[in-house]
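Peer 1: So here's coords-v7.txt (compact mmCIF, N, CA and C atoms).
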```
# COMPACT_ATOMS: atom_id res chain seq x y z
N MET A 1 31.28 -18.56 7.45
CA MET A 1 29.96 -18.72 8.04
C MET A 1 30.14 -19.22 9.48
N THR A 2 29.44 -18.58 10.37
CA THR A 2 29.54 -18.93 11.78
C THR A 2 28.69 -20.17 12.09
N GLY A 3 28.94 -20.75 13.25
CA GLY A 3 28.14 -21.90 13.67
C GLY A 3 26.69 -21.52 13.88
N ARG A 4 26.47 -20.30 14.35
CA ARG A 4 25.10 -19.84 14.55
C ARG A 4 24.37 -19.71 13.21
N GLN A 5 25.08 -19.23 12.19
CA GLN A 5 24.46 -19.11 10.87
C GLN A 5 24.14 -20.50 10.31
N ARG A 6 25.02 -21.47 10.52
CA ARG A 6 24.74 -22.83 10.04
C ARG A 6 23.48 -23.40 10.68
N ALA A 7 23.36 -23.19 11.99
CA ALA A 7 22.17 -23.69 12.69
C ALA A 7 20.91 -22.98 12.20
N LEU A 8 20.99 -21.66 12.05
CA LEU A 8 19.83 -20.90 11.57
C LEU A 8 19.47 -21.29 10.14
N ARG A 9 20.47 -21.58 9.32
CA ARG A 9 20.19 -21.99 7.94
C ARG A 9 19.42 -23.31 7.94
N ARG A 10 19.80 -24.23 8.82
CA ARG A 10 19.06 -25.50 8.90
C ARG A 10 17.61 -25.27 9.32
N TRP A 11 17.40 -24.41 10.32
CA TRP A 11 16.05 -24.12 10.77
C TRP A 11 15.24 -23.46 9.66
N MET A 12 15.85 -22.52 8.92
CA MET A 12 15.14 -21.87 7.82
C MET A 12 14.78 -22.86 6.74
N LEU A 13 15.69 -23.76 6.40
CA LEU A 13 15.40 -24.76 5.37
C LEU A 13 14.27 -25.68 5.82
N GLY A 14 14.25 -26.05 7.09
CA GLY A 14 13.16 -26.85 7.62
C GLY A 14 11.83 -26.12 7.56
N TYR A 15 11.86 -24.84 7.89
CA TYR A 15 10.65 -24.02 7.84
C TYR A 15 10.13 -23.94 6.41
N VAL A 16 11.04 -23.72 5.45
CA VAL A 16 10.64 -23.65 4.04
C VAL A 16 10.09 -25.00 3.58
N ALA A 17 10.72 -26.10 4.02
CA ALA A 17 10.22 -27.42 3.65
C ALA A 17 8.79 -27.64 4.14
N VAL A 18 8.51 -27.18 5.35
CA VAL A 18 7.15 -27.29 5.87
C VAL A 18 6.19 -26.41 5.06
N LEU A 19 6.61 -25.17 4.77
CA LEU A 19 5.76 -24.28 3.98
C LEU A 19 5.42 -24.86 2.63
N LEU A 20 6.45 -25.33 1.92
CA LEU A 20 6.24 -25.81 0.55
C LEU A 20 5.75 -27.25 0.49
N GLY A 21 6.06 -28.03 1.49
CA GLY A 21 5.72 -29.44 1.44
C GLY A 21 4.37 -29.81 2.01
N THR A 22 3.93 -29.10 3.02
CA THR A 22 2.70 -29.52 3.68
C THR A 22 1.56 -28.52 3.58
N LEU A 23 1.87 -27.25 3.67
CA LEU A 23 0.79 -26.27 3.73
C LEU A 23 -0.08 -26.21 2.47
N PRO A 24 0.49 -26.28 1.25
CA PRO A 24 -0.43 -26.26 0.09
C PRO A 24 -1.41 -27.42 0.08
N LEU A 25 -0.98 -28.56 0.66
CA LEU A 25 -1.89 -29.71 0.71
C LEU A 25 -2.88 -29.58 1.86
N ALA A 26 -2.45 -29.01 2.99
CA ALA A 26 -3.31 -28.92 4.16
C ALA A 26 -4.24 -27.71 4.13
N LEU A 27 -3.91 -26.70 3.34
CA LEU A 27 -4.69 -25.47 3.35
C LEU A 27 -6.16 -25.64 2.98
N PRO A 28 -6.51 -26.52 2.01
CA PRO A 28 -7.95 -26.69 1.74
C PRO A 28 -8.73 -27.17 2.96
N CYS A 29 -8.13 -28.06 3.75
CA CYS A 29 -8.79 -28.51 4.98
C CYS A 29 -8.85 -27.37 5.99
N TRP A 30 -7.79 -26.59 6.03
CA TRP A 30 -7.75 -25.43 6.92
C TRP A 30 -8.82 -24.43 6.54
N ASN A 31 -9.04 -24.25 5.24
CA ASN A 31 -10.07 -23.32 4.78
C ASN A 31 -11.43 -23.70 5.34
N LEU A 32 -11.74 -24.99 5.31
CA LEU A 32 -13.02 -25.46 5.86
C LEU A 32 -13.09 -25.21 7.36
N TRP A 33 -12.00 -25.53 8.06
CA TRP A 33 -11.96 -25.35 9.50
C TRP A 33 -12.06 -23.88 9.85
N LEU A 34 -11.33 -23.03 9.11
CA LEU A 34 -11.37 -21.60 9.38
C LEU A 34 -12.76 -21.03 9.16
N ALA A 35 -13.40 -21.46 8.09
CA ALA A 35 -14.73 -20.93 7.80
C ALA A 35 -15.70 -21.29 8.91
N ASP A 36 -15.54 -22.48 9.49
CA ASP A 36 -16.46 -22.92 10.54
C ASP A 36 -16.16 -22.27 11.88
N SER A 37 -14.86 -22.15 12.23
CA SER A 37 -14.56 -21.74 13.60
C SER A 37 -13.99 -20.32 13.72
N LEU A 38 -13.07 -19.95 12.84
CA LEU A 38 -12.43 -18.66 12.99
C LEU A 38 -12.73 -17.70 11.85
N GLY A 39 -13.67 -18.05 11.01
CA GLY A 39 -13.94 -17.31 9.79
C GLY A 39 -14.19 -15.83 9.95
N ARG A 40 -14.77 -15.42 11.06
CA ARG A 40 -15.03 -13.98 11.18
C ARG A 40 -13.85 -13.20 11.72
N TRP A 41 -12.82 -13.88 12.29
CA TRP A 41 -11.67 -13.17 12.84
C TRP A 41 -10.39 -13.36 12.03
N VAL A 42 -10.21 -14.54 11.46
CA VAL A 42 -8.96 -14.87 10.77
C VAL A 42 -9.27 -15.18 9.30
N THR A 43 -8.50 -14.56 8.41
CA THR A 43 -8.66 -14.83 6.98
C THR A 43 -7.41 -15.54 6.47
N ILE A 44 -7.50 -16.10 5.29
CA ILE A 44 -6.36 -16.76 4.66
C ILE A 44 -5.23 -15.76 4.44
N GLN A 45 -5.56 -14.52 4.12
CA GLN A 45 -4.52 -13.50 3.92
C GLN A 45 -3.71 -13.30 5.20
N GLN A 46 -4.36 -13.33 6.34
CA GLN A 46 -3.65 -13.17 7.61
C GLN A 46 -2.78 -14.38 7.89
N ILE A 47 -3.20 -15.55 7.45
CA ILE A 47 -2.37 -16.74 7.61
C ILE A 47 -1.11 -16.62 6.76
N HIS A 48 -1.24 -16.09 5.54
CA HIS A 48 -0.06 -15.85 4.71
C HIS A 48 0.92 -14.93 5.43
N LEU A 49 0.41 -13.87 6.02
CA LEU A 49 1.28 -12.94 6.74
C LEU A 49 2.01 -13.64 7.88
N ALA A 50 1.29 -14.44 8.66
CA ALA A 50 1.90 -15.12 9.80
C ALA A 50 2.94 -16.15 9.36
N GLU A 51 2.63 -16.93 8.32
CA GLU A 51 3.58 -17.94 7.83
C GLU A 51 4.91 -17.30 7.42
N TYR A 52 4.83 -16.26 6.64
CA TYR A 52 6.03 -15.65 6.10
C TYR A 52 6.69 -14.69 7.08
N ALA A 53 5.97 -14.22 8.08
CA ALA A 53 6.61 -13.44 9.14
C ALA A 53 7.57 -14.33 9.92
N GLY A 54 7.17 -15.57 10.16
CA GLY A 54 8.07 -16.52 10.82
C GLY A 54 9.34 -16.74 10.02
N LEU A 55 9.20 -16.88 8.72
CA LEU A 55 10.37 -17.04 7.85
C LEU A 55 11.22 -15.76 7.86
N GLY A 56 10.58 -14.61 7.90
CA GLY A 56 11.30 -13.34 7.97
C GLY A 56 12.10 -13.20 9.26
N ILE A 57 11.55 -13.69 10.36
CA ILE A 57 12.27 -13.63 11.64
C ILE A 57 13.53 -14.50 11.56
N PHE A 58 13.41 -15.70 10.99
CA PHE A 58 14.60 -16.54 10.79
C PHE A 58 15.61 -15.84 9.90
N ALA A 59 15.14 -15.21 8.83
CA ALA A 59 16.03 -14.54 7.88
C ALA A 59 16.77 -13.40 8.56
N ALA A 60 16.09 -12.62 9.39
CA ALA A 60 16.74 -11.51 10.08
C ALA A 60 17.78 -12.01 11.07
N ALA A 61 17.47 -13.08 11.79
CA ALA A 61 18.44 -13.65 12.73
C ALA A 61 19.66 -14.17 11.99
N TYR A 62 19.45 -14.78 10.84
CA TYR A 62 20.55 -15.28 10.03
C TYR A 62 21.43 -14.12 9.56
N ALA A 63 20.80 -13.06 9.08
CA ALA A 63 21.56 -11.90 8.60
C ALA A 63 22.34 -11.24 9.73
N ARG A 64 21.74 -11.17 10.88
CA ARG A 64 22.40 -10.52 12.02
C ARG A 64 23.60 -11.32 12.50
N ALA A 65 23.57 -12.63 12.31
CA ALA A 65 24.68 -13.48 12.75
C ALA A 65 25.89 -13.37 11.82
N GLY A 66 25.71 -12.80 10.64
CA GLY A 66 26.78 -12.71 9.65
C GLY A 66 27.59 -11.43 9.78
N CYS A 67 28.57 -11.30 8.88
CA CYS A 67 29.44 -10.13 8.95
C CYS A 67 28.94 -8.96 8.10
N ARG A 68 28.04 -9.19 7.14
CA ARG A 68 27.47 -8.12 6.31
C ARG A 68 25.95 -8.19 6.37
N PRO A 69 25.35 -7.76 7.47
CA PRO A 69 23.91 -7.98 7.64
C PRO A 69 23.03 -7.28 6.62
N TRP A 70 23.36 -6.05 6.18
CA TRP A 70 22.47 -5.35 5.25
C TRP A 70 22.46 -6.02 3.88
N ARG A 71 23.62 -6.42 3.41
CA ARG A 71 23.70 -7.11 2.12
C ARG A 71 22.96 -8.45 2.20
N THR A 72 23.13 -9.13 3.31
CA THR A 72 22.47 -10.42 3.49
C THR A 72 20.96 -10.25 3.57
N ARG A 73 20.49 -9.19 4.22
CA ARG A 73 19.04 -8.95 4.29
C ARG A 73 18.44 -8.73 2.90
N ALA A 74 19.14 -7.98 2.07
CA ALA A 74 18.64 -7.74 0.71
C ALA A 74 18.58 -9.05 -0.07
N LEU A 75 19.60 -9.88 0.06
CA LEU A 75 19.60 -11.18 -0.61
C LEU A 75 18.47 -12.06 -0.09
N LEU A 76 18.26 -12.04 1.21
CA LEU A 76 17.21 -12.87 1.80
C LEU A 76 15.81 -12.40 1.40
N MET A 77 15.62 -11.12 1.15
CA MET A 77 14.32 -10.66 0.64
C MET A 77 14.05 -11.27 -0.74
N GLY A 78 15.10 -11.40 -1.55
CA GLY A 78 14.96 -12.08 -2.84
C GLY A 78 14.61 -13.54 -2.66
N VAL A 79 15.23 -14.17 -1.67
CA VAL A 79 14.92 -15.58 -1.38
C VAL A 79 13.48 -15.71 -0.90
N LEU A 80 13.03 -14.78 -0.04
CA LEU A 80 11.63 -14.80 0.42
C LEU A 80 10.67 -14.65 -0.75
N ALA A 81 11.00 -13.79 -1.69
CA ALA A 81 10.15 -13.62 -2.88
C ALA A 81 10.10 -14.90 -3.69
N ALA A 82 11.24 -15.56 -3.84
CA ALA A 82 11.28 -16.82 -4.60
C ALA A 82 10.49 -17.92 -3.90
N VAL A 83 10.62 -18.01 -2.58
CA VAL A 83 9.88 -19.03 -1.83
C VAL A 83 8.37 -18.76 -1.91
N GLY A 84 7.97 -17.49 -1.76
CA GLY A 84 6.54 -17.14 -1.85
C GLY A 84 5.96 -17.44 -3.21
N THR A 85 6.73 -17.15 -4.26
CA THR A 85 6.26 -17.43 -5.62
C THR A 85 6.19 -18.93 -5.86
N THR A 86 7.20 -19.67 -5.39
CA THR A 86 7.18 -21.13 -5.53
C THR A 86 6.00 -21.73 -4.79
N ASP A 87 5.71 -21.21 -3.61
CA ASP A 87 4.56 -21.68 -2.83
C ASP A 87 3.27 -21.52 -3.65
N GLU A 88 3.09 -20.37 -4.26
CA GLU A 88 1.89 -20.14 -5.06
C GLU A 88 1.88 -20.98 -6.34
N LEU A 89 3.03 -21.17 -6.96
CA LEU A 89 3.09 -22.01 -8.15
C LEU A 89 2.71 -23.46 -7.82
N LEU A 90 3.18 -23.95 -6.67
CA LEU A 90 2.80 -25.30 -6.24
C LEU A 90 1.29 -25.39 -6.00
N GLN A 91 0.73 -24.36 -5.40
CA GLN A 91 -0.71 -24.36 -5.18
C GLN A 91 -1.47 -24.36 -6.49
N GLY A 92 -0.92 -23.69 -7.51
CA GLY A 92 -1.57 -23.65 -8.81
C GLY A 92 -1.64 -25.00 -9.49
N MET A 93 -0.76 -25.92 -9.09
CA MET A 93 -0.76 -27.26 -9.69
C MET A 93 -1.68 -28.23 -8.96
N LEU A 94 -2.16 -27.86 -7.80
CA LEU A 94 -3.01 -28.75 -7.01
C LEU A 94 -4.48 -28.56 -7.39
N PRO A 95 -5.26 -29.64 -7.37
CA PRO A 95 -6.69 -29.50 -7.66
C PRO A 95 -7.39 -28.68 -6.57
N GLY A 96 -8.23 -27.78 -7.00
CA GLY A 96 -8.97 -26.95 -6.06
C GLY A 96 -8.19 -25.76 -5.53
N ARG A 97 -6.96 -25.60 -5.94
CA ARG A 97 -6.12 -24.49 -5.51
C ARG A 97 -5.73 -23.68 -6.74
N PHE A 98 -5.34 -22.45 -6.56
CA PHE A 98 -4.95 -21.64 -7.70
C PHE A 98 -3.91 -20.60 -7.30
N PHE A 99 -3.18 -20.12 -8.29
CA PHE A 99 -2.12 -19.13 -8.13
C PHE A 99 -2.74 -17.74 -8.03
N GLU A 100 -2.28 -16.93 -7.06
CA GLU A 100 -2.74 -15.55 -6.93
C GLU A 100 -1.56 -14.65 -6.66
N TRP A 101 -1.42 -13.60 -7.46
CA TRP A 101 -0.35 -12.64 -7.24
C TRP A 101 -0.54 -11.90 -5.92
N SER A 102 -1.78 -11.73 -5.49
CA SER A 102 -2.00 -11.04 -4.21
C SER A 102 -1.42 -11.85 -3.05
N ASP A 103 -1.47 -13.19 -3.17
CA ASP A 103 -0.87 -14.02 -2.13
C ASP A 103 0.65 -13.91 -2.13
N VAL A 104 1.24 -13.80 -3.32
CA VAL A 104 2.69 -13.59 -3.40
C VAL A 104 3.04 -12.28 -2.70
N GLY A 105 2.24 -11.24 -2.94
CA GLY A 105 2.45 -9.96 -2.28
C GLY A 105 2.32 -10.06 -0.77
N MET A 106 1.31 -10.80 -0.31
CA MET A 106 1.13 -10.97 1.14
C MET A 106 2.30 -11.75 1.74
N ASN A 107 2.83 -12.72 0.98
CA ASN A 107 4.00 -13.45 1.46
C ASN A 107 5.18 -12.50 1.65
N LEU A 108 5.38 -11.61 0.69
CA LEU A 108 6.48 -10.64 0.78
C LEU A 108 6.27 -9.67 1.94
N VAL A 109 5.05 -9.19 2.09
CA VAL A 109 4.76 -8.26 3.19
C VAL A 109 4.98 -8.96 4.53
N GLY A 110 4.55 -10.21 4.65
CA GLY A 110 4.76 -10.95 5.89
C GLY A 110 6.23 -11.18 6.18
N GLY A 111 7.00 -11.57 5.16
CA GLY A 111 8.44 -11.78 5.34
C GLY A 111 9.15 -10.50 5.73
N ALA A 112 8.83 -9.41 5.04
CA ALA A 112 9.45 -8.12 5.37
C ALA A 112 9.05 -7.66 6.77
N GLY A 113 7.79 -7.89 7.13
CA GLY A 113 7.33 -7.54 8.47
C GLY A 113 8.04 -8.34 9.56
N GLY A 114 8.25 -9.62 9.30
CA GLY A 114 8.98 -10.45 10.26
C GLY A 114 10.43 -10.00 10.40
N MET A 115 11.06 -9.67 9.26
CA MET A 115 12.44 -9.18 9.32
C MET A 115 12.51 -7.85 10.07
N LEU A 116 11.55 -6.97 9.80
CA LEU A 116 11.52 -5.68 10.47
C LEU A 116 11.29 -5.84 11.98
N ALA A 117 10.34 -6.69 12.35
CA ALA A 117 10.05 -6.91 13.77
C ALA A 117 11.27 -7.49 14.49
N ALA A 118 11.94 -8.44 13.86
CA ALA A 118 13.14 -9.02 14.47
C ALA A 118 14.26 -7.99 14.57
N GLY A 119 14.38 -7.14 13.55
CA GLY A 119 15.40 -6.09 13.59
C GLY A 119 15.14 -5.09 14.70
N ILE A 120 13.88 -4.69 14.85
CA ILE A 120 13.53 -3.74 15.91
C ILE A 120 13.75 -4.37 17.28
N ALA A 121 13.37 -5.64 17.43
CA ALA A 121 13.56 -6.32 18.71
C ALA A 121 15.05 -6.44 19.04
N GLY A 122 15.87 -6.75 18.04
CA GLY A 122 17.32 -6.83 18.27
C GLY A 122 17.90 -5.48 18.62
N TRP A 123 17.46 -4.44 17.95
CA TRP A 123 17.94 -3.09 18.23
C TRP A 123 17.53 -2.66 19.63
N MET A 124 16.28 -2.94 20.00
CA MET A 124 15.80 -2.56 21.33
C MET A 124 16.55 -3.33 22.43
N SER A 125 16.80 -4.62 22.21
CA SER A 125 17.51 -5.38 23.23
C SER A 125 18.93 -4.87 23.40
N GLY A 126 19.56 -4.43 22.31
CA GLY A 126 20.90 -3.85 22.41
C GLY A 126 20.88 -2.53 23.17
N ARG A 127 19.87 -1.72 22.93
CA ARG A 127 19.74 -0.43 23.63
C ARG A 127 19.48 -0.66 25.11
N ILE A 128 18.65 -1.63 25.43
CA ILE A 128 18.33 -1.90 26.84
C ILE A 128 19.55 -2.44 27.56
N SER A 129 20.31 -3.35 26.92
CA SER A 129 21.47 -3.94 27.60
C SER A 129 22.58 -2.89 27.80
N ARG A 130 22.71 -1.92 26.86
CA ARG A 130 23.72 -0.87 27.03
C ARG A 130 23.31 0.12 28.12
N ALA A 131 22.01 0.31 28.31
CA ALA A 131 21.53 1.25 29.31
C ALA A 131 21.64 0.67 30.74
N ALA A 132 21.64 -0.64 30.84
CA ALA A 132 21.65 -1.26 32.17
C ALA A 132 23.02 -1.29 32.79
```
For this file, produce the structure as structure tokens.
Peer 2:
Amino acid sequence: MTGRQRALRRWMLGYVAVLLGTLPLALPCWNLWLADSLGRWVTIQQIHLAEYAGLGIFAAAYARAGCRPWRTRALLMGVLAAVGTTDELLQGMLPGRFFEWSDVGMNLVGGAGGMLAAGIAGWMSGRISRAA
């Protein structure tokens, strides 16, 4: 494991800790705030996409820093699925919150989208640097 992978792993673990530790508790307050201020433009489903896209970007950077990026990406998609499911299970245990399979799906779509966006950005930056 490279030094870059170690640093990215720490950042990913911190991101997951924030997702699982604070967001299920803060989301009910966010729901009220969103309904009042951003309710017509931003939905909770879009927040799920944004949260897990960030995690997907970290996952893609981690995979790219390693020696077997495709195998690592497949493994990290499994990790993203586990984190998304755990997030929903924790919400199911909180009062006023509940488990939804559609949210697990949105978490996966967001994570895959973040990984794809990071992959495309990395590919494009490599193409641009070779052309210059």
Peer 1: Kindly indicate which residue among A:Ala60, A:Ile47, A:Asp87, A:Ala74 lies nearest to Ala17 of chain A, using only C-alpha atoms for the distances.
Peer 2: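 Using only C-alpha atoms, the shortest distance to Ala17 of chain A belongs to A:Asp87.
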Peer 1: Grab the atom CA of Phe99 of chain A to atom N of Ala61 of chain A distance for me, in Å with one decimal place.
Peer 2: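 For atom CA of Phe99 of chain A relative to atom N of Ala61 of chain A, the distance reads 28.6 Å.
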Peer 1: Which polymer residues have any atom within 5 Å of an atom of segment 51-55 of chain A, counting only N, CA and C atoms, with same-chain residues fewer than 2 positions away left out, as a compact mmCIF listing (two decimals) with N, CA and C atoms, in the coordinates of the input?
Peer 2:
```
# COMPACT_ATOMS: atom_id res chain seq x y z
N ILE A 47 -3.20 -15.55 7.45
CA ILE A 47 -2.37 -16.74 7.61
C ILE A 47 -1.11 -16.62 6.76
N HIS A 48 -1.24 -16.09 5.54
CA HIS A 48 -0.06 -15.85 4.71
C HIS A 48 0.92 -14.93 5.43
N LEU A 49 0.41 -13.87 6.02
CA LEU A 49 1.28 -12.94 6.74
C LEU A 49 2.01 -13.64 7.88
N ILE A 57 11.55 -13.69 10.36
CA ILE A 57 12.27 -13.63 11.64
C ILE A 57 13.53 -14.50 11.56
N PHE A 58 13.41 -15.70 10.99
CA PHE A 58 14.60 -16.54 10.79
C PHE A 58 15.61 -15.84 9.90
N ALA A 59 15.14 -15.21 8.83
CA ALA A 59 16.03 -14.54 7.88
C ALA A 59 16.77 -13.40 8.56
N GLY A 110 4.55 -10.21 4.65
CA GLY A 110 4.76 -10.95 5.89
C GLY A 110 6.23 -11.18 6.18
N GLY A 111 7.00 -11.57 5.16
CA GLY A 111 8.44 -11.78 5.34
C GLY A 111 9.15 -10.50 5.73
N GLY A 114 8.25 -9.62 9.30
CA GLY A 114 8.98 -10.45 10.26
C GLY A 114 10.43 -10.00 10.40
```
Peer 1: In Å, how far is it from atom CA of Leu20 of chain A to atom CA of Leu8 of chain A?
Peer 2: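 Distance reported for this atom pair: 18.2 Å.
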Peer 1: Could you give me the residues within segment 63-106 of chain A that DSSP places in alpha helix (DSSP H), as a ChimeraX atom specification?
Peer 2: /A:63-65,69-93,101-106
Peer 1: Report, in Å to a single decimal, how far apart atom C of Gly56 of chain A and atom C of Leu116 of chain A are.
Peer 2: 7.9 Å
Peer 1: Considering only C-alpha atoms, state which residue in the set A:Ala65, A:Thr85, A:Val18, A:Gln45 is at the smallest distance from Gly3 of chain A.
Peer 2: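 For Gly3 of chain A, the nearest of the candidates is A:Ala65.
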Peer 1: Kindly provide, as lines of an AutoDock Vina configuration file, the centre and edge lengths (Å, one decimal) of an axis-aligned box around all atoms of segment 57-73 of chain A given in the file, with 5 Å on each side.
Peer 2:
```
center_x = 20.5
center_y = -10.9
center_z = 7.4
size_x = 27.9
size_y = 21.2
size_z = 20.6
```
Peer 1: Add whatever atoms are absent from segment 57-71 of chain A to reach N, CA, C and O atoms, and provide the output as a compact mmCIF listing (two decimals), in the coordinates of the input.
Peer 2:
```
# COMPACT_ATOMS: atom_id res chain seq x y z
N ILE A 57 11.55 -13.69 10.36
CA ILE A 57 12.27 -13.63 11.64
C ILE A 57 13.53 -14.50 11.56
O ILE A 57 14.61 -14.08 11.99
N PHE A 58 13.41 -15.70 10.99
CA PHE A 58 14.60 -16.54 10.79
C PHE A 58 15.61 -15.84 9.90
O PHE A 58 16.82 -15.88 10.15
N ALA A 59 15.14 -15.21 8.83
CA ALA A 59 16.03 -14.54 7.88
C ALA A 59 16.77 -13.40 8.56
O ALA A 59 17.98 -13.21 8.35
N ALA A 60 16.09 -12.62 9.39
CA ALA A 60 16.74 -11.51 10.08
C ALA A 60 17.78 -12.01 11.07
O ALA A 60 18.86 -11.44 11.18
N ALA A 61 17.47 -13.08 11.79
CA ALA A 61 18.44 -13.65 12.73
C ALA A 61 19.66 -14.17 11.99
O ALA A 61 20.80 -14.00 12.43
N TYR A 62 19.45 -14.78 10.84
CA TYR A 62 20.55 -15.28 10.03
C TYR A 62 21.43 -14.12 9.56
O TYR A 62 22.65 -14.18 9.62
N ALA A 63 20.80 -13.06 9.08
CA ALA A 63 21.56 -11.90 8.60
C ALA A 63 22.34 -11.24 9.73
O ALA A 63 23.48 -10.82 9.54
N ARG A 64 21.74 -11.17 10.88
CA ARG A 64 22.40 -10.52 12.02
C ARG A 64 23.60 -11.32 12.50
O ARG A 64 24.56 -10.75 13.03
N ALA A 65 23.57 -12.63 12.31
CA ALA A 65 24.68 -13.48 12.75
C ALA A 65 25.89 -13.37 11.82
O ALA A 65 26.98 -13.79 12.17
N GLY A 66 25.71 -12.80 10.64
CA GLY A 66 26.78 -12.71 9.65
C GLY A 66 27.59 -11.43 9.78
O GLY A 66 27.35 -10.59 10.64
N CYS A 67 28.57 -11.30 8.88
CA CYS A 67 29.44 -10.13 8.95
C CYS A 67 28.94 -8.96 8.10
O CYS A 67 29.36 -7.84 8.29
N ARG A 68 28.04 -9.19 7.14
CA ARG A 68 27.47 -8.12 6.31
C ARG A 68 25.95 -8.19 6.37
O ARG A 68 25.30 -8.63 5.42
N PRO A 69 25.35 -7.76 7.47
CA PRO A 69 23.91 -7.98 7.64
C PRO A 69 23.03 -7.28 6.62
O PRO A 69 22.02 -7.84 6.21
N TRP A 70 23.36 -6.05 6.18
CA TRP A 70 22.47 -5.35 5.25
C TRP A 70 22.46 -6.02 3.88
O TRP A 70 21.42 -6.15 3.25
N ARG A 71 23.62 -6.42 3.41
CA ARG A 71 23.70 -7.11 2.12
C ARG A 71 22.96 -8.45 2.20
O ARG A 71 22.23 -8.83 1.29
```
